[in-house]
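Visitor: I am attaching a structure below and will ask some questions about it afterwards.
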Amino acid sequence: MSINVSGVTKKFGDFVALDDVTVDLPTGQLTALLGPSGGGKSTLLRIIAGLESADSGTVTIEGNEATHLPPQKRNVGFVFQHYAAFKHMSVAKNVAFGLEIRKRPKDETTRRVAELLELVHLAQFAHRLPAQLSGGQRQRMALARALAVEPTVLLLDEPFGALDAKVRKELREWLRRLHDEVAVTTVFVTHDQEEALEVADEIVVINDGRIEQVGTPDQLYDEPANDFVMSFLGPVTRLGGTLVRPHDIDVSTTQEPGSVRGTVERMLRVGFEVRLTVALEPDHADAAESLSAPTERETVEVTVTRATQRHLHLEEGQQVWVAHTEGARAVPEQAALHTPLASGA
Ligand SMILES: Nc1ncnc2c1ncn2[C@@H]1O[C@H](COP(=O)(O)OP(=O)(O)OP(=O)(O)O)[C@@H](O)[C@H]1O
């Protein structure tokens with residue numbers, strides 16, 4: 001195990017930012033720390049980097065006890081959301097900086113910088129100033145600079161967070177390819193579930209200073225440990241006291257065993273899929289209650305393909321029956337959900 005965090009607690013005054021966190025981050029992999037804002041992701045990353053110290057617990061990097069080592073002795077590379085480049089130095093000089101202060105031979109530095117600029121596809125911009133680069137190019141320069149000193153571990157704190165959606169998407173595909181080429185153990189912070197699912201080998205879900213689940217993207221998506229992880233990783237809806245993904249619900253125009261009757265209230269076509277909002281028939285108990293206090297009908301979100309919609313001739317106002325698909329992942333609904341349901345996210 002490359003990075004081992006054991007029993008780490010961090011408080012800011014009375015506020016517990018990390019609560020007895022233990023996790024192993026595997027060597028050579030790309031791991032995402034994923035969770036909502038304020039959950040403690042950056043604090044954990046900064047403790048691994050040595051930029052913040054834990055109140056208790058230990059950090060080991062490649063078998064070396066690092067808990068009390070200063071950042072420069074941990075051999076980690078770090079990239080922040082807003083990268084502070086040396087404004088008056090060329091891109092090549094910025095990348096060379098770490099090698100020069102380590103007094104590496106000049107020809108070695110020149111060769112290494114050329115290699116790195118090639119790797120991050122900035123070779124043609126070597127002599128530009130950072131201000132003459134786009135935001136995405138600047139972040140690639142930041143990565144080259146962090147990689148220059150051959151860190152054991154690369155730590156990225158929302159590296160693409162300040163960029164627009166299109167560039168962000170390009171850069172995360174690029175990061176995945178870069179990691180496949182360089183294979184340095186990389187940990188990156190993100191609050192974007194799509195980014196984590198698309199890029200990471202392993203995801204650590206952090207919420208309220210605690211780890212909710214650790215697993216591969218498939219494990220987290222298919223076998224969420226609890227309602228929080230399930231809601232955070234993709235759209236969910238409620239049916240029969242459980243949380244279920246909208247595409248894990250079958251729609252039928254005839255009654256099937258165990259199905260619930262409802263009416264298609266809204267139908268929205270989004271690309272290749274069709275999203276239905278089905279208002280469920282209240283059961284007898286609810287119906288009796290609603291006589292005294294009329295309440296809104298319970299609705300369930302269902303996603304079907306265009307082919308299914310056409311085949312069943314589904315339209316608004318139509319009566320349908322809904323049921324969990326066989327083998328659907330359904331997590332019992334808890335009294336209080338940690339986050340609002342993210343339907344259609
Ligand atoms: N230096 C500090 N002093 C006081 N509170 C802090 C400090 N740093 C972080 N916190 C608090 O600790 C909690 C966790 O912060 P952290 O930055 O680790 O969260 P995060 O999951 O990275 O969130 P975000 O995605 O918004 O960056 C937050 O509530 C934050 O306000």
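By order in the structure tokens, chains are A, B, ...; within a chain, residues start at 1; ligands start at 1, following the order shown.
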Hey, which residues come within 9 Å of ligand 1 if we count only C-alpha atoms and all ligand atoms? Could you give them as a short mmCIF file (atom, residue, chain, number, x, y, z; two decimals) with C-alpha atoms, in the first residue's frame?

Guide:
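What follows is the written file selection01.cif:
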data_model
loop_
_atom_site.label_atom_id
_atom_site.label_comp_id
_atom_site.auth_asym_id
_atom_site.auth_seq_id
_atom_site.Cartn_x
_atom_site.Cartn_y
_atom_site.Cartn_z
CA LYS A 10 -8.52 16.79 12.59
CA LYS A 11 -10.45 19.55 14.35
CA PHE A 12 -10.65 23.26 13.58
CA GLY A 13 -11.68 24.66 16.97
CA PHE A 15 -15.45 21.55 14.41
CA VAL A 16 -14.45 17.99 13.53
CA ALA A 17 -13.24 18.07 9.90
CA LEU A 18 -11.95 14.47 9.94
CA LEU A 33 -11.54 11.54 -2.94
CA LEU A 34 -15.19 12.26 -3.66
CA GLY A 35 -17.83 13.95 -1.55
CA PRO A 36 -19.94 17.03 -1.00
CA SER A 37 -18.49 20.42 -0.20
CA GLY A 38 -17.12 20.68 3.32
CA GLY A 39 -16.92 16.89 3.77
CA GLY A 40 -13.19 16.91 4.51
CA LYS A 41 -11.61 15.88 1.17
CA SER A 42 -9.12 18.75 0.94
CA THR A 43 -8.23 18.43 4.60
CA LEU A 44 -7.37 14.77 4.09
CA LEU A 45 -5.29 15.59 1.00
CA ARG A 46 -3.48 18.38 2.81
CA GLU A 52 -1.82 20.44 7.55
CA ASP A 157 -6.92 19.31 -5.30
CA GLU A 158 -9.80 19.94 -7.77
CA VAL A 189 -10.09 15.62 -4.89
CA THR A 190 -13.38 16.17 -6.67
CA HIS A 191 -16.99 16.83 -5.76
CA ILE A 206 -16.06 11.19 2.18
CA ASN A 207 -18.91 12.94 3.94
CA ASP A 208 -19.05 14.79 7.25
CA GLY A 209 -15.43 13.93 8.04
#

Visitor: Quick one: everything within 7 Å of range 117-119 of chain A, counting only C-alpha atoms, minus sequence neighbours fewer than 4 positions away in the same chain. Send it as a PyMOL selection string.

Guide: chain A and resi 113+123+144

Visitor: Skip range 124-132 of chain A itself and residues of its chain fewer than 4 positions away, then list as a tab-separated table (two decimals) with C-alpha atoms, in the first residue's frame all residues within 6 Å of it, counting only C-alpha atoms.

Guide:
chain	number	residue	atom	x	y	z
A	90	SER	CA	8.62	30.95	-19.39
A	91	VAL	CA	6.64	27.73	-19.30
A	92	ALA	CA	9.89	25.75	-19.62

Visitor: My list of candidates is A:Ser56, A:Asn226, A:Asn75, A:Gln219. Which is closest to Val149 in chain A when distances are computed with only C-alpha atoms?

Guide: A:Asn75

Visitor: Find, counting only C-alpha atoms, the residue in A:Thr152, A:Gln81, A:Ser231, A:Thr216 that gets nearest to Thr185 in chain A.

Guide: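 Going through A:Thr152, A:Gln81, A:Ser231, A:Thr216 one by one, the smallest distance to Thr185 in chain A is for A:Thr152.
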
Visitor: Per residue of range 219-293 of chain A within 10 Å of range 299-302 of chain A, which atom pair is closest and at what distance in Å (one decimal), using only C-alpha atoms, listed by chain and increasing number, as JSON lines?

Guide:
{"residue": "A:Pro235", "atom": "CA", "partner": "A:Glu301", "partner_atom": "CA", "distance": 9.4}
{"residue": "A:Val236", "atom": "CA", "partner": "A:Glu301", "partner_atom": "CA", "distance": 8.1}
{"residue": "A:Thr237", "atom": "CA", "partner": "A:Glu301", "partner_atom": "CA", "distance": 5.8}
{"residue": "A:Arg238", "atom": "CA", "partner": "A:Val300", "partner_atom": "CA", "distance": 6.1}
{"residue": "A:Leu239", "atom": "CA", "partner": "A:Val300", "partner_atom": "CA", "distance": 6.5}
{"residue": "A:Gly240", "atom": "CA", "partner": "A:Val300", "partner_atom": "CA", "distance": 9.8}
{"residue": "A:Val244", "atom": "CA", "partner": "A:Glu301", "partner_atom": "CA", "distance": 9.6}
{"residue": "A:Arg245", "atom": "CA", "partner": "A:Val302", "partner_atom": "CA", "distance": 8.1}
{"residue": "A:Pro246", "atom": "CA", "partner": "A:Val302", "partner_atom": "CA", "distance": 4.4}
{"residue": "A:His247", "atom": "CA", "partner": "A:Val302", "partner_atom": "CA", "distance": 6.1}
{"residue": "A:Asp248", "atom": "CA", "partner": "A:Val302", "partner_atom": "CA", "distance": 7.9}
{"residue": "A:Ile249", "atom": "CA", "partner": "A:Val302", "partner_atom": "CA", "distance": 6.2}
{"residue": "A:Asp250", "atom": "CA", "partner": "A:Val302", "partner_atom": "CA", "distance": 8.0}
{"residue": "A:Val251", "atom": "CA", "partner": "A:Val302", "partner_atom": "CA", "distance": 8.0}
{"residue": "A:Gly262", "atom": "CA", "partner": "A:Thr299", "partner_atom": "CA", "distance": 8.5}
{"residue": "A:Thr263", "atom": "CA", "partner": "A:Thr299", "partner_atom": "CA", "distance": 9.2}
{"residue": "A:Val264", "atom": "CA", "partner": "A:Thr299", "partner_atom": "CA", "distance": 9.5}
{"residue": "A:Glu265", "atom": "CA", "partner": "A:Thr299", "partner_atom": "CA", "distance": 8.7}
{"residue": "A:Arg266", "atom": "CA", "partner": "A:Glu301", "partner_atom": "CA", "distance": 9.6}
{"residue": "A:Met267", "atom": "CA", "partner": "A:Val302", "partner_atom": "CA", "distance": 9.6}
{"residue": "A:Val274", "atom": "CA", "partner": "A:Val302", "partner_atom": "CA", "distance": 8.3}
{"residue": "A:Arg275", "atom": "CA", "partner": "A:Val302", "partner_atom": "CA", "distance": 5.8}
{"residue": "A:Leu276", "atom": "CA", "partner": "A:Val302", "partner_atom": "CA", "distance": 5.1}
{"residue": "A:Thr277", "atom": "CA", "partner": "A:Glu301", "partner_atom": "CA", "distance": 4.8}
{"residue": "A:Val278", "atom": "CA", "partner": "A:Val300", "partner_atom": "CA", "distance": 5.3}
{"residue": "A:Ala279", "atom": "CA", "partner": "A:Thr299", "partner_atom": "CA", "distance": 4.3}
{"residue": "A:Leu280", "atom": "CA", "partner": "A:Thr299", "partner_atom": "CA", "distance": 5.7}
{"residue": "A:Glu281", "atom": "CA", "partner": "A:Thr299", "partner_atom": "CA", "distance": 9.2}

Visitor: I'd like to know which residues of range 103-293 of chain A are alpha helix (DSSP H) (by DSSP, run on the backbone); could you write them as a VMD selection string?

Guide: chain A and resid 106 to 119 135 to 148 165 to 182 193 to 199 217 to 222 227 to 233 284 to 292

Visitor: Using the chain letters and numbers from this document, which residues of range 216-335 of chain A does DSSP assign to strand (DSSP E), as a ChimeraX atom specification?

Guide: /A:237-239,242-244,249-252,260-270,273-280,299-305,319-324,330-332

Visitor: Please, what distance in Å, to one decimal, runs between CA of Pro151 in chain A and CA of Arg112 in chain A?

Guide: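 Taking CA of Pro151 in chain A and CA of Arg112 in chain A, their separation equals 13.9 Å.
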
Visitor: Tell me, as a VMD selection string, which residues lie within 12 Å of Glu194 in chain A, counting only C-alpha atoms; anything in the same chain fewer than 6 positions away does not count.

Guide: chain A and resid 32 34 to 35 165 168 to 169 172 to 173 200 203 217 221 232 to 235 345

Visitor: I'd like to know which of A:Leu312, A:Leu171, A:Val304, A:Ala225 is closest to Ala330 in chain A, using only C-alpha atoms.

Guide: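 Comparing A:Leu312, A:Leu171, A:Val304, A:Ala225 against Ala330 in chain A, the winner is A:Ala225.
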